[in-house]
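protein.cif follows; it contains mmCIF, C-alpha atoms.
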data_work
loop_
_atom_site.label_atom_id
_atom_site.label_comp_id
_atom_site.auth_asym_id
_atom_site.auth_seq_id
_atom_site.Cartn_x
_atom_site.Cartn_y
_atom_site.Cartn_z
CA MET A 1 -30.58 46.99 -232.71
CA THR A 2 -32.82 45.68 -229.94
CA ASP A 3 -32.24 44.69 -226.33
CA ALA A 4 -34.64 41.74 -226.67
CA GLN A 5 -33.23 38.33 -225.74
CA ILE A 6 -36.15 36.58 -227.44
CA GLU A 7 -38.06 38.12 -230.31
CA CYS A 8 -40.83 36.73 -232.50
CA ARG A 9 -42.16 38.75 -235.42
CA ASP A 10 -45.31 37.94 -237.39
CA LEU A 11 -45.12 34.26 -236.49
CA TRP A 12 -47.59 31.84 -238.09
CA LYS A 13 -48.07 28.10 -237.75
CA ILE A 14 -50.65 26.19 -239.80
CA TYR A 15 -50.67 22.40 -239.60
CA GLY A 16 -51.80 20.28 -242.55
CA GLN A 17 -50.94 19.23 -246.09
CA ARG A 18 -52.52 22.37 -247.55
CA SER A 19 -50.89 24.78 -245.12
CA ASP A 20 -49.39 27.03 -247.81
CA GLU A 21 -52.74 27.32 -249.56
CA ALA A 22 -54.48 27.97 -246.25
CA MET A 23 -51.92 30.63 -245.32
CA LYS A 24 -52.59 32.56 -248.54
CA ALA A 25 -56.34 32.41 -247.94
CA VAL A 26 -56.01 33.58 -244.33
CA LEU A 27 -53.96 36.59 -245.40
CA ALA A 28 -56.30 37.43 -248.27
CA GLU A 29 -59.63 36.78 -246.57
CA GLY A 30 -58.93 36.92 -242.82
CA LEU A 31 -60.29 33.41 -242.24
CA SER A 32 -61.00 32.22 -238.71
CA LYS A 33 -59.57 29.07 -237.16
CA ASP A 34 -62.79 27.17 -237.84
CA GLN A 35 -62.91 28.36 -241.45
CA VAL A 36 -59.33 27.19 -242.02
CA ARG A 37 -60.25 23.78 -240.64
CA ASP A 38 -63.43 23.46 -242.69
CA ARG A 39 -62.03 24.68 -246.01
CA PHE A 40 -58.51 23.28 -245.97
CA HIS A 41 -58.56 20.57 -243.27
CA CYS A 42 -55.73 22.45 -241.59
CA VAL A 43 -55.25 23.65 -238.03
CA LEU A 44 -54.28 27.25 -237.36
CA GLY A 45 -51.94 26.90 -234.36
CA VAL A 46 -50.38 30.37 -234.15
CA ARG A 47 -51.71 33.48 -235.84
CA ASN A 48 -49.44 36.44 -236.56
CA ALA A 49 -47.80 36.44 -233.11
CA SER A 50 -45.26 39.11 -232.23
CA PHE A 51 -43.60 39.68 -228.86
CA SER A 52 -40.20 40.34 -227.31
CA VAL A 53 -38.58 39.35 -224.03
CA LYS A 54 -35.81 41.41 -222.45
CA LYS A 55 -32.77 39.91 -220.76
CA GLY A 56 -33.53 38.82 -217.20
CA GLU A 57 -37.29 39.09 -217.70
CA ILE A 58 -39.92 36.44 -216.94
CA PHE A 59 -42.45 36.64 -219.76
CA CYS A 60 -45.61 34.58 -219.22
CA ILE A 61 -47.78 33.30 -222.06
CA MET A 62 -51.16 32.11 -220.91
CA GLY A 63 -54.44 30.92 -222.32
CA LEU A 64 -56.91 28.08 -222.23
CA SER A 65 -56.13 24.62 -223.55
CA GLY A 66 -55.79 24.82 -227.34
CA SER A 67 -55.04 28.54 -227.37
CA GLY A 68 -51.62 27.97 -228.98
CA LYS A 69 -49.32 28.84 -226.07
CA SER A 70 -47.30 25.59 -226.09
CA THR A 71 -47.11 25.64 -229.88
CA LEU A 72 -45.74 29.17 -229.70
CA VAL A 73 -43.01 28.44 -227.17
CA ARG A 74 -41.77 25.42 -229.13
CA HIS A 75 -40.97 27.71 -232.04
CA VAL A 76 -38.35 29.52 -229.96
CA ASN A 77 -35.97 26.54 -230.04
CA ARG A 78 -37.53 25.32 -233.32
CA LEU A 79 -38.95 22.09 -232.06
CA ILE A 80 -41.75 23.20 -234.39
CA GLU A 81 -41.05 24.68 -237.84
CA PRO A 82 -42.87 27.97 -238.47
CA THR A 83 -45.12 28.41 -241.48
CA ALA A 84 -44.06 32.06 -241.66
CA GLY A 85 -42.39 34.69 -239.54
CA GLU A 86 -39.08 35.43 -237.87
CA ILE A 87 -37.61 34.18 -234.58
CA ARG A 88 -34.52 35.64 -232.94
CA VAL A 89 -32.79 34.32 -229.83
CA ALA A 90 -29.81 36.15 -228.33
CA GLY A 91 -29.58 38.17 -231.54
CA ARG A 92 -29.51 35.15 -233.89
CA ARG A 93 -32.12 34.04 -236.43
CA VAL A 94 -33.46 30.70 -235.24
CA ASP A 95 -35.79 30.11 -238.20
CA SER A 96 -32.83 29.94 -240.61
CA MET A 97 -30.37 27.89 -238.50
CA ASP A 98 -28.92 24.62 -239.79
CA GLU A 99 -28.89 21.42 -237.70
CA ALA A 100 -25.50 22.09 -236.12
CA GLU A 101 -26.51 25.58 -235.07
CA LEU A 102 -29.80 24.29 -233.65
CA LEU A 103 -27.98 21.62 -231.62
CA GLU A 104 -25.70 24.27 -230.14
CA LEU A 105 -28.69 26.52 -229.39
CA ARG A 106 -30.63 23.75 -227.63
CA SER A 107 -27.69 22.39 -225.65
CA GLY A 108 -25.99 25.66 -224.75
CA THR A 109 -28.20 28.73 -225.03
CA ILE A 110 -31.66 27.39 -224.15
CA GLY A 111 -32.84 25.09 -221.38
CA MET A 112 -36.36 23.66 -221.42
CA VAL A 113 -38.56 22.49 -218.55
CA PHE A 114 -41.76 20.54 -219.26
CA GLN A 115 -44.78 19.69 -217.15
CA HIS A 116 -43.74 16.03 -217.26
CA MET A 117 -40.04 15.75 -216.49
CA ALA A 118 -39.40 12.47 -218.37
CA LEU A 119 -36.45 11.63 -216.13
CA TRP A 120 -34.56 8.49 -217.12
CA PRO A 121 -35.44 5.87 -214.49
CA HIS A 122 -32.22 3.90 -215.05
CA ARG A 123 -30.01 6.95 -214.46
CA THR A 124 -29.14 8.58 -211.16
CA LEU A 125 -30.18 12.15 -210.45
CA GLY A 126 -26.62 13.24 -211.13
CA ASP A 127 -26.68 11.62 -214.57
CA ASN A 128 -30.11 13.07 -215.32
CA VAL A 129 -29.10 16.57 -214.30
CA GLY A 130 -25.77 16.40 -216.11
CA PHE A 131 -27.18 15.12 -219.39
CA GLY A 132 -27.03 18.48 -221.19
CA LEU A 133 -23.36 18.80 -220.29
CA GLU A 134 -22.78 15.21 -221.41
CA VAL A 135 -24.19 16.10 -224.83
CA ARG A 136 -21.72 18.97 -224.99
CA GLY A 137 -18.80 16.62 -224.24
CA VAL A 138 -18.05 17.90 -220.73
CA ALA A 139 -15.85 15.56 -218.65
CA PRO A 140 -17.62 13.31 -216.07
CA ALA A 141 -16.03 14.97 -213.02
CA GLU A 142 -17.09 18.43 -214.17
CA ARG A 143 -20.59 17.18 -214.94
CA ARG A 144 -20.92 15.71 -211.48
CA LYS A 145 -19.73 18.91 -209.84
CA ALA A 146 -22.27 20.97 -211.81
CA ALA A 147 -25.02 18.49 -210.94
CA GLU A 148 -24.13 18.63 -207.23
CA THR A 149 -24.18 22.43 -207.21
CA THR A 150 -27.51 22.65 -209.03
CA LEU A 151 -29.19 19.95 -206.95
CA GLU A 152 -28.10 21.74 -203.78
CA ALA A 153 -29.62 24.96 -205.14
CA MET A 154 -32.89 23.04 -205.57
CA ASP A 155 -32.73 21.72 -201.96
CA LEU A 156 -31.71 18.25 -203.15
CA GLY A 157 -28.22 18.11 -201.74
CA GLY A 158 -27.18 14.53 -200.97
CA TRP A 159 -29.56 12.98 -203.50
CA ILE A 160 -27.16 12.89 -206.45
CA ASP A 161 -26.73 9.08 -206.45
CA HIS A 162 -30.41 8.27 -205.96
CA TYR A 163 -32.86 7.34 -208.71
CA PRO A 164 -36.04 9.15 -209.81
CA ASP A 165 -38.41 6.49 -208.45
CA GLN A 166 -37.11 7.23 -204.96
CA LEU A 167 -38.41 10.82 -205.12
CA SER A 168 -41.81 12.44 -204.69
CA GLY A 169 -43.45 14.26 -207.60
CA GLY A 170 -42.34 17.63 -206.28
CA MET A 171 -38.76 16.45 -205.87
CA GLN A 172 -38.75 15.08 -209.42
CA GLN A 173 -39.92 18.45 -210.66
CA ARG A 174 -36.97 20.04 -208.86
CA VAL A 175 -34.66 17.60 -210.65
CA GLY A 176 -36.13 18.63 -213.99
CA LEU A 177 -35.50 22.27 -213.18
CA ALA A 178 -31.98 21.44 -212.01
CA ARG A 179 -31.35 19.63 -215.31
CA ALA A 180 -32.29 22.79 -217.23
CA LEU A 181 -30.12 25.01 -215.01
CA ALA A 182 -27.03 22.76 -214.82
CA ALA A 183 -25.81 23.71 -218.28
CA ASP A 184 -26.17 27.41 -217.28
CA PRO A 185 -28.30 28.44 -220.30
CA GLU A 186 -29.04 32.09 -220.97
CA ILE A 187 -32.72 31.34 -221.60
CA LEU A 188 -35.29 29.03 -220.03
CA LEU A 189 -38.43 27.82 -221.76
CA MET A 190 -40.88 26.51 -219.17
CA ASP A 191 -44.06 24.81 -220.35
CA GLU A 192 -46.49 24.56 -217.40
CA PRO A 193 -43.72 23.18 -215.16
CA PHE A 194 -45.66 23.36 -211.87
CA SER A 195 -49.24 22.70 -212.99
CA ALA A 196 -49.34 19.03 -211.90
CA LEU A 197 -48.19 19.75 -208.33
CA ASP A 198 -50.14 20.23 -205.12
CA PRO A 199 -50.85 23.92 -204.34
CA LEU A 200 -48.37 24.18 -201.44
CA ILE A 201 -45.52 22.47 -203.34
CA ARG A 202 -46.37 24.54 -206.40
CA ARG A 203 -46.07 27.81 -204.50
CA GLN A 204 -42.80 26.72 -202.90
CA LEU A 205 -41.32 25.92 -206.31
CA GLN A 206 -42.57 29.22 -207.72
CA ASP A 207 -40.82 31.06 -204.89
CA GLN A 208 -37.66 29.04 -205.37
CA PHE A 209 -37.60 29.64 -209.10
CA LEU A 210 -38.20 33.38 -208.72
CA HIS A 211 -35.26 33.56 -206.31
CA LEU A 212 -32.94 31.50 -208.55
CA SER A 213 -34.00 33.37 -211.69
CA ALA A 214 -33.14 36.73 -210.14
CA GLN A 215 -29.91 35.38 -208.69
CA MET A 216 -28.77 33.79 -211.96
CA ASP A 217 -30.20 36.53 -214.23
CA LYS A 218 -32.09 34.10 -216.47
CA THR A 219 -34.44 35.15 -219.25
CA THR A 220 -37.57 33.02 -219.05
CA LEU A 221 -40.51 32.28 -221.30
CA PHE A 222 -43.09 30.75 -218.96
CA ILE A 223 -46.22 28.98 -220.21
CA THR A 224 -49.25 28.59 -217.94
CA HIS A 225 -53.04 28.28 -218.10
CA ASP A 226 -53.34 29.80 -214.61
CA LEU A 227 -53.66 33.60 -214.45
CA ASP A 228 -52.82 33.66 -210.73
CA GLU A 229 -49.52 31.97 -211.56
CA ALA A 230 -48.87 34.29 -214.50
CA ILE A 231 -49.47 37.35 -212.33
CA ARG A 232 -47.23 35.99 -209.59
CA MET A 233 -44.39 34.97 -211.89
CA GLY A 234 -44.44 37.35 -214.83
CA ASP A 235 -42.92 40.74 -215.48
CA HIS A 236 -45.14 40.79 -218.58
CA ILE A 237 -48.03 38.58 -219.64
CA ALA A 238 -49.29 37.68 -223.11
CA ILE A 239 -52.82 36.27 -223.27
CA MET A 240 -53.65 33.99 -226.21
CA ASN A 241 -56.94 32.92 -227.77
CA ASP A 242 -57.32 30.67 -230.84
CA GLY A 243 -53.64 31.01 -231.71
CA GLU A 244 -53.59 34.80 -231.47
CA ILE A 245 -52.02 37.06 -228.85
CA VAL A 246 -54.89 39.32 -227.78
CA GLN A 247 -53.09 41.42 -225.16
CA ILE A 248 -49.60 41.95 -223.76
CA GLY A 249 -48.95 43.97 -220.61
CA THR A 250 -47.72 44.01 -217.05
CA PRO A 251 -49.85 42.08 -214.55
CA GLU A 252 -51.33 45.38 -213.35
CA GLU A 253 -52.16 46.50 -216.90
CA ILE A 254 -53.80 43.18 -217.75
CA VAL A 255 -55.96 43.18 -214.61
CA THR A 256 -56.92 46.85 -214.51
CA ASN A 257 -57.30 47.48 -218.24
CA PRO A 258 -58.38 44.32 -220.10
CA LYS A 259 -58.44 44.84 -223.84
CA ASP A 260 -61.61 42.89 -224.60
CA ASP A 261 -64.31 40.69 -223.07
CA TYR A 262 -62.15 37.56 -223.37
CA VAL A 263 -59.41 39.07 -221.20
CA ALA A 264 -61.94 40.66 -218.86
CA GLU A 265 -63.47 37.23 -218.22
CA PHE A 266 -60.03 35.91 -217.29
CA VAL A 267 -59.25 38.65 -214.77
CA LYS A 268 -62.64 39.24 -213.14
CA GLY A 269 -61.90 37.03 -210.15
CA ILE A 270 -58.32 38.17 -209.57
CA SER A 271 -57.51 40.00 -206.33
CA ARG A 272 -56.15 43.49 -206.96
CA VAL A 273 -54.72 43.93 -203.45
CA GLY A 274 -51.14 43.06 -204.41
CA LEU A 275 -51.31 44.38 -207.97
CA VAL A 276 -52.73 47.88 -208.18
CA ARG A 277 -50.28 50.63 -207.25
CA ALA A 278 -50.81 54.10 -205.87
CA GLU A 279 -49.74 55.88 -209.05
CA THR A 280 -52.49 54.05 -210.98
CA ILE A 281 -55.41 55.20 -208.83
CA MET A 282 -54.24 58.55 -207.43
CA THR A 283 -55.79 61.84 -208.49
CA PRO A 284 -54.14 65.29 -208.58
CA LEU A 285 -54.30 67.36 -205.41
CA ASP A 286 -55.90 70.26 -207.31
CA GLY A 287 -55.31 72.72 -204.50
CA ARG A 288 -56.54 70.38 -201.80
CA GLU A 289 -54.47 70.01 -198.66
CA GLU A 290 -51.92 67.30 -198.13
CA THR A 291 -52.38 64.87 -195.26
CA ASP A 292 -49.92 63.34 -192.85
CA LYS A 293 -50.70 59.88 -194.24
CA ARG A 294 -48.25 59.27 -197.07
CA VAL A 295 -47.48 56.42 -199.43
CA ARG A 296 -45.02 56.09 -202.27
CA MET A 297 -46.18 55.88 -205.87
CA ASP A 298 -45.30 52.19 -206.01
CA ALA A 299 -47.27 51.28 -202.85
CA GLU A 300 -49.65 48.36 -203.38
CA LEU A 301 -53.39 48.63 -202.87
CA GLY A 302 -53.33 46.45 -199.74
CA ASP A 303 -50.89 48.83 -198.04
CA ILE A 304 -53.01 51.81 -199.09
CA ILE A 305 -56.18 50.29 -197.63
CA ASP A 306 -54.36 49.75 -194.32
CA HIS A 307 -54.14 53.55 -193.98
CA PHE A 308 -57.94 53.79 -193.90
CA MET A 309 -58.52 51.27 -191.11
CA ASP A 310 -58.64 53.85 -188.31
CA ASP A 311 -58.82 57.12 -190.22
CA GLN A 312 -60.69 57.70 -193.49
CA THR A 313 -58.94 60.93 -194.49
CA PRO A 314 -57.23 60.82 -197.90
CA VAL A 315 -53.70 59.49 -198.40
CA THR A 316 -51.02 61.70 -199.97
CA VAL A 317 -48.90 60.07 -202.70
CA ILE A 318 -45.21 60.93 -203.00
CA THR A 319 -42.32 60.04 -205.28
CA PRO A 320 -39.18 58.26 -203.98
CA ASP A 321 -37.72 61.78 -203.67
CA HIS A 322 -40.65 62.78 -201.41
CA GLU A 323 -42.26 65.06 -203.97
CA VAL A 324 -46.03 65.20 -203.55
CA VAL A 325 -47.79 64.04 -206.73
CA GLY A 326 -51.38 63.13 -205.78
CA ARG A 327 -53.94 61.86 -203.33
CA ILE A 328 -56.10 58.77 -202.84
CA SER A 329 -59.47 58.85 -201.11
CA ILE A 330 -61.10 55.84 -199.48
CA LYS A 331 -63.57 55.88 -202.39
CA ASP A 332 -60.66 55.62 -204.86
CA ALA A 333 -59.20 52.68 -202.94
CA LEU A 334 -62.51 50.80 -202.68
CA ALA A 335 -63.25 51.36 -206.36
CA ALA A 336 -59.84 49.91 -207.25
CA LEU A 337 -60.42 46.94 -204.94
CA ARG A 338 -63.78 46.24 -206.55
CA GLY A 339 -62.32 46.59 -210.03
#
Kindly transcribe the structure held in the file into structure tokens.
Amino acid sequence: MTDAQIECRDLWKIYGQRSDEAMKAVLAEGLSKDQVRDRFHCVLGVRNASFSVKKGEIFCIMGLSGSGKSTLVRHVNRLIEPTAGEIRVAGRRVDSMDEAELLELRSGTIGMVFQHMALWPHRTLGDNVGFGLEVRGVAPAERRKAAETTLEAMDLGGWIDHYPDQLSGGMQQRVGLARALAADPEILLMDEPFSALDPLIRRQLQDQFLHLSAQMDKTTLFITHDLDEAIRMGDHIAIMNDGEIVQIGTPEEIVTNPKDDYVAEFVKGISRVGLVRAETIMTPLDGREETDKRVRMDAELGDIIDHFMDDQTPVTVITPDHEVVGRISIKDALAALRG
């Protein structure tokens, strides 16, 4: 048994007429993406990907354009058929579902939010938001009530009878998110939902989604090409390159301990002030005296640095139960800040 709400094991996707032949050659010879293309005229979209997402978690998948992140997420609700591997959602095998089971999964268990909302221009916001419930055969009055509630949660109360062309881009994005939430799915798949928005609107929607996600206890698979967004949104981050997941970790683990040069290049410009915690950079006391300056183990680097503004003596690190576990010198803090 596992407590994972989403689980992918050894997932492969190879596009092309000779995909089966290419798959055998990749397994036997370890061919690269370019070699698969040159020898078999196939495209290796996802390479042996495995990950799991716990209930209530926001799991970010990030990488450059063409890295395979969008291809990967579309396997979760089987918009794309896998070449090989196993996909489980809420304990059920998705890769072996029939059409009826897939329809139920997509309309009831999973909600999806895209970068481009594709709202129907001839339908009101209420009809757009309530579409998933309409597919499930929910009565019009109940659909409207759900749409009203969800639109209000997205700060669009009073707009239910308006049409998409009467809204700004940011407001339309809120409608798309409301449409995914109205059917109250257990899981959200979000494919770069905020990337086309202005920075201020983008940050506001990120904040709003984080609040709603925690409030509604949603499990989210969030796709982005922006590491700052992944760090801000994700409980865990998976970084992809050429169809392969090269590292999975918490934001702090990804930034402070990149697995290879590819990941290191991604994180080199990221601020560590709000990421690195005291327990990561502290050293044992080793008989040295405690100081009156104290921080908890989970204190962020920015808060630690504040303690050195007027006094450069070391900071003592304590547990939530006030047990002394280590110390941090100004040298430790500056080294962590520099990365």
Practice problem: Just say which residues the PyMOL selection byres ((chain A and resi 108-113) around 8) picks in this file, as a list in words. | Solution: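 Here the PyMOL selection byres ((chain A and resi 108-113) around 8) matches Asn77, Glu104, Leu105, Arg106, Ser107, Phe114, Gln115, Met117, Arg136, Gly176, Leu177, Ala180, Leu181, Ala183, Asp184, Pro185, Glu186, Ile187, Leu188, Leu189, Met190, Asp191 and Pro193 of chain A.
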Quiz item: Exactly which residues make up the result of the PyMOL selection byres ((chain A and resi 278) around 8) on this file, given as a PyMOL selection string?
Solution: chain A and resi 276-277+279-282+295-301+304+317+328
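Nearest-residue note for Tyr163 of chain A: choosing from A:Asp217, A:Asp98, A:Asp127, A:Glu148, the minimum distance belongs to A:Asp127, counting all atoms listed in the file.
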Quiz item: Could you write out as number ranges by chain the residues that the PyMOL selection byres ((chain A and resi 134) around 12) matches in the shown file?
Solution: A: 107-108, 126-133, 135-144, 146-147, 179, 182-183
Quiz item: Which residue, A:Asp3, A:Glu29, A:Asp20, A:Glu252, has the smallest gap to Ser52 of chain A when you use all atoms listed in the file?
Solution: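 Once distances to Ser52 of chain A are computed over all atoms listed in the file, the minimum belongs to A:Asp3.
If you look at atom CA of Thr224 of chain A and atom CA of Glu57 of chain A, they are 15.9 Å away from each other.
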Exercise. Rank A:Ile14, A:Val73, A:Ile305, A:Leu156 by their smallest atom-to-atom distance to Ile330 of chain A, using all atoms listed in the file, and report the top residue only.
Key: A:Ile305
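Counting only C-alpha atoms and comparing A:Asp332, A:Asp321, A:Asp198, A:Asp10, the residue that lies closest to Ser168 of chain A is A:Asp198.
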Quiz item: What lies within 6 Å of segment 308-315 of chain A using all atoms listed in the file, ignoring chain neighbours under 6 positions off, as a ChimeraX atom specification?
Solution: /A:293-294,327-329
Quiz item: Which distance in Å separates atom CA of Ser195 of chain A and atom CA of Ser70 of chain A, to one decimal?
Solution: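 Interatomic distance here is 13.6 Å.
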Exercise. Would you work out the distance separating atom CA of Leu125 of chain A from atom CA of Asp207 of chain A, expressed in Å to one decimal?
Key: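 Rounded to one decimal, the two atoms are 22.4 Å apart.
Minimum distance to Ala4 of chain A across A:Ala100, A:Thr219, A:Ala178, A:Leu212 (counting all atoms listed in the file) occurs at A:Thr219.
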Practice problem: Would you list the contacts of Thr83 of chain A as a PyMOL selection string, taking every protein, DNA or RNA residue within 8 Å and counting all atoms listed in the file, but skipping same-chain residues closer than 2 positions in sequence? | Solution: chain A and resi 11-14+19-20+81+85
Self-check item: Distance query Arg202 of chain A at most 10 Å, only C-alpha atoms, self and fewer than 5 positions along chain excluded, as a list in words
Solution: Gly170, Gln173, Pro193, Phe194, Ser195, Ala196, Leu197, Asp207, Gln208 and Glu229 of chain A
Enclose segment 208-212 of chain A, meaning all of its atoms listed in the file, in a box aligned along x, y and z, pad it by 5 Å on each side, and list the centre and edge lengths in Å to one decimal, as JSON.
{"center_x": -35.6, "center_y": 31.3, "center_z": -207.2, "size_x": 15.3, "size_y": 14.5, "size_z": 13.7}
Practice problem: Name the closest residue to Val267 of chain A among the candidates A:Met240, A:Leu227, A:Ile80, A:Ala335; distances are taken between atoms, counting only C-alpha atoms. | Solution: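 Closest candidate: A:Leu227.
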Quick one: everything within 8 Å of segment 237-239 of chain A, counting all atoms listed in the file, minus sequence neighbours fewer than 5 positions away in the same chain. Send it as a PDB file with C-alpha atoms, keeping the file's coordinate frame.
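Full text of part15.pdb as output:
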ATOM      1  CA  PHE A  59     -42.450  36.640-219.760  1.00  0.00           C
ATOM      2  CA  CYS A  60     -45.610  34.580-219.220  1.00  0.00           C
ATOM      3  CA  ILE A  61     -47.780  33.300-222.060  1.00  0.00           C
ATOM      4  CA  MET A  62     -51.160  32.110-220.910  1.00  0.00           C
ATOM      5  CA  GLY A  63     -54.440  30.920-222.320  1.00  0.00           C
ATOM      6  CA  ALA A 230     -48.870  34.290-214.500  1.00  0.00           C
ATOM      7  CA  ILE A 231     -49.470  37.350-212.330  1.00  0.00           C
ATOM      8  CA  ILE A 245     -52.020  37.060-228.850  1.00  0.00           C
ATOM      9  CA  VAL A 246     -54.890  39.320-227.780  1.00  0.00           C
ATOM     10  CA  GLN A 247     -53.090  41.420-225.160  1.00  0.00           C
ATOM     11  CA  ILE A 248     -49.600  41.950-223.760  1.00  0.00           C
ATOM     12  CA  GLY A 249     -48.950  43.970-220.610  1.00  0.00           C
ATOM     13  CA  THR A 250     -47.720  44.010-217.050  1.00  0.00           C
ATOM     14  CA  PRO A 251     -49.850  42.080-214.550  1.00  0.00           C
ATOM     15  CA  ILE A 254     -53.800  43.180-217.750  1.00  0.00           C
ATOM     16  CA  VAL A 263     -59.410  39.070-221.200  1.00  0.00           C
TER      17      VAL A 263
END
Practice problem: Show which residues sit within 10 Å of Phe40 of chain A, as an MDAnalysis selection string. Count only C-alpha atoms, and ignore same-chain residues fewer than 4 positions away. | Solution: chainID A and resid 16:19 21:23 25 34:36
Supply segment 45-64 of chain A as a PDB file, keeping the file's coordinate frame, with N, CA and C atoms built in where the input has gaps.
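Written out: result_10.pdb:
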ATOM      1  N   GLY A  45     -52.505  27.000-235.704  1.00  0.00           N
ATOM      2  CA  GLY A  45     -51.940  26.900-234.360  1.00  0.00           C
ATOM      3  C   GLY A  45     -51.510  28.225-233.769  1.00  0.00           C
ATOM      4  N   VAL A  46     -50.834  29.048-234.585  1.00  0.00           N
ATOM      5  CA  VAL A  46     -50.380  30.370-234.150  1.00  0.00           C
ATOM      6  C   VAL A  46     -50.690  31.361-235.257  1.00  0.00           C
ATOM      7  N   ARG A  47     -51.260  32.495-234.855  1.00  0.00           N
ATOM      8  CA  ARG A  47     -51.710  33.480-235.840  1.00  0.00           C
ATOM      9  C   ARG A  47     -51.017  34.822-235.630  1.00  0.00           C
ATOM     10  N   ASN A  48     -50.062  35.117-236.495  1.00  0.00           N
ATOM     11  CA  ASN A  48     -49.440  36.440-236.560  1.00  0.00           C
ATOM     12  C   ASN A  48     -48.985  36.944-235.186  1.00  0.00           C
ATOM     13  N   ALA A  49     -48.238  36.109-234.473  1.00  0.00           N
ATOM     14  CA  ALA A  49     -47.800  36.440-233.110  1.00  0.00           C
ATOM     15  C   ALA A  49     -46.502  37.231-233.126  1.00  0.00           C
ATOM     16  N   SER A  50     -46.470  38.308-232.381  1.00  0.00           N
ATOM     17  CA  SER A  50     -45.260  39.110-232.230  1.00  0.00           C
ATOM     18  C   SER A  50     -45.095  39.475-230.753  1.00  0.00           C
ATOM     19  N   PHE A  51     -43.901  39.287-230.230  1.00  0.00           N
ATOM     20  CA  PHE A  51     -43.600  39.680-228.860  1.00  0.00           C
ATOM     21  C   PHE A  51     -42.093  39.698-228.686  1.00  0.00           C
ATOM     22  N   SER A  52     -41.626  40.324-227.613  1.00  0.00           N
ATOM     23  CA  SER A  52     -40.200  40.340-227.310  1.00  0.00           C
ATOM     24  C   SER A  52     -40.009  40.210-225.804  1.00  0.00           C
ATOM     25  N   VAL A  53     -38.899  39.588-225.437  1.00  0.00           N
ATOM     26  CA  VAL A  53     -38.580  39.350-224.030  1.00  0.00           C
ATOM     27  C   VAL A  53     -37.192  39.913-223.760  1.00  0.00           C
ATOM     28  N   LYS A  54     -37.096  40.803-222.778  1.00  0.00           N
ATOM     29  CA  LYS A  54     -35.810  41.410-222.450  1.00  0.00           C
ATOM     30  C   LYS A  54     -34.971  40.477-221.576  1.00  0.00           C
ATOM     31  N   LYS A  55     -33.684  40.704-221.560  1.00  0.00           N
ATOM     32  CA  LYS A  55     -32.770  39.910-220.760  1.00  0.00           C
ATOM     33  C   LYS A  55     -33.151  40.010-219.277  1.00  0.00           C
ATOM     34  N   GLY A  56     -33.207  38.863-218.616  1.00  0.00           N
ATOM     35  CA  GLY A  56     -33.530  38.820-217.200  1.00  0.00           C
ATOM     36  C   GLY A  56     -35.003  38.851-216.880  1.00  0.00           C
ATOM     37  N   GLU A  57     -35.853  38.971-217.902  1.00  0.00           N
ATOM     38  CA  GLU A  57     -37.290  39.090-217.700  1.00  0.00           C
ATOM     39  C   GLU A  57     -37.952  37.714-217.655  1.00  0.00           C
ATOM     40  N   ILE A  58     -39.039  37.599-216.880  1.00  0.00           N
ATOM     41  CA  ILE A  58     -39.920  36.440-216.940  1.00  0.00           C
ATOM     42  C   ILE A  58     -41.167  36.883-217.702  1.00  0.00           C
ATOM     43  N   PHE A  59     -41.355  36.290-218.868  1.00  0.00           N
ATOM     44  CA  PHE A  59     -42.450  36.640-219.760  1.00  0.00           C
ATOM     45  C   PHE A  59     -43.413  35.463-219.789  1.00  0.00           C
ATOM     46  N   CYS A  60     -44.627  35.653-219.299  1.00  0.00           N
ATOM     47  CA  CYS A  60     -45.610  34.580-219.220  1.00  0.00           C
ATOM     48  C   CYS A  60     -46.546  34.619-220.430  1.00  0.00           C
ATOM     49  N   ILE A  61     -46.770  33.443-221.015  1.00  0.00           N
ATOM     50  CA  ILE A  61     -47.780  33.300-222.060  1.00  0.00           C
ATOM     51  C   ILE A  61     -48.866  32.399-221.505  1.00  0.00           C
ATOM     52  N   MET A  62     -50.089  32.889-221.507  1.00  0.00           N
ATOM     53  CA  MET A  62     -51.160  32.110-220.910  1.00  0.00           C
ATOM     54  C   MET A  62     -52.393  32.097-221.806  1.00  0.00           C
ATOM     55  N   GLY A  63     -53.207  31.077-221.583  1.00  0.00           N
ATOM     56  CA  GLY A  63     -54.440  30.920-222.320  1.00  0.00           C
ATOM     57  C   GLY A  63     -55.045  29.580-221.985  1.00  0.00           C
ATOM     58  N   LEU A  64     -56.246  29.354-222.467  1.00  0.00           N
ATOM     59  CA  LEU A  64     -56.910  28.080-222.230  1.00  0.00           C
ATOM     60  C   LEU A  64     -56.265  26.981-223.059  1.00  0.00           C
TER      61      LEU A  64
END
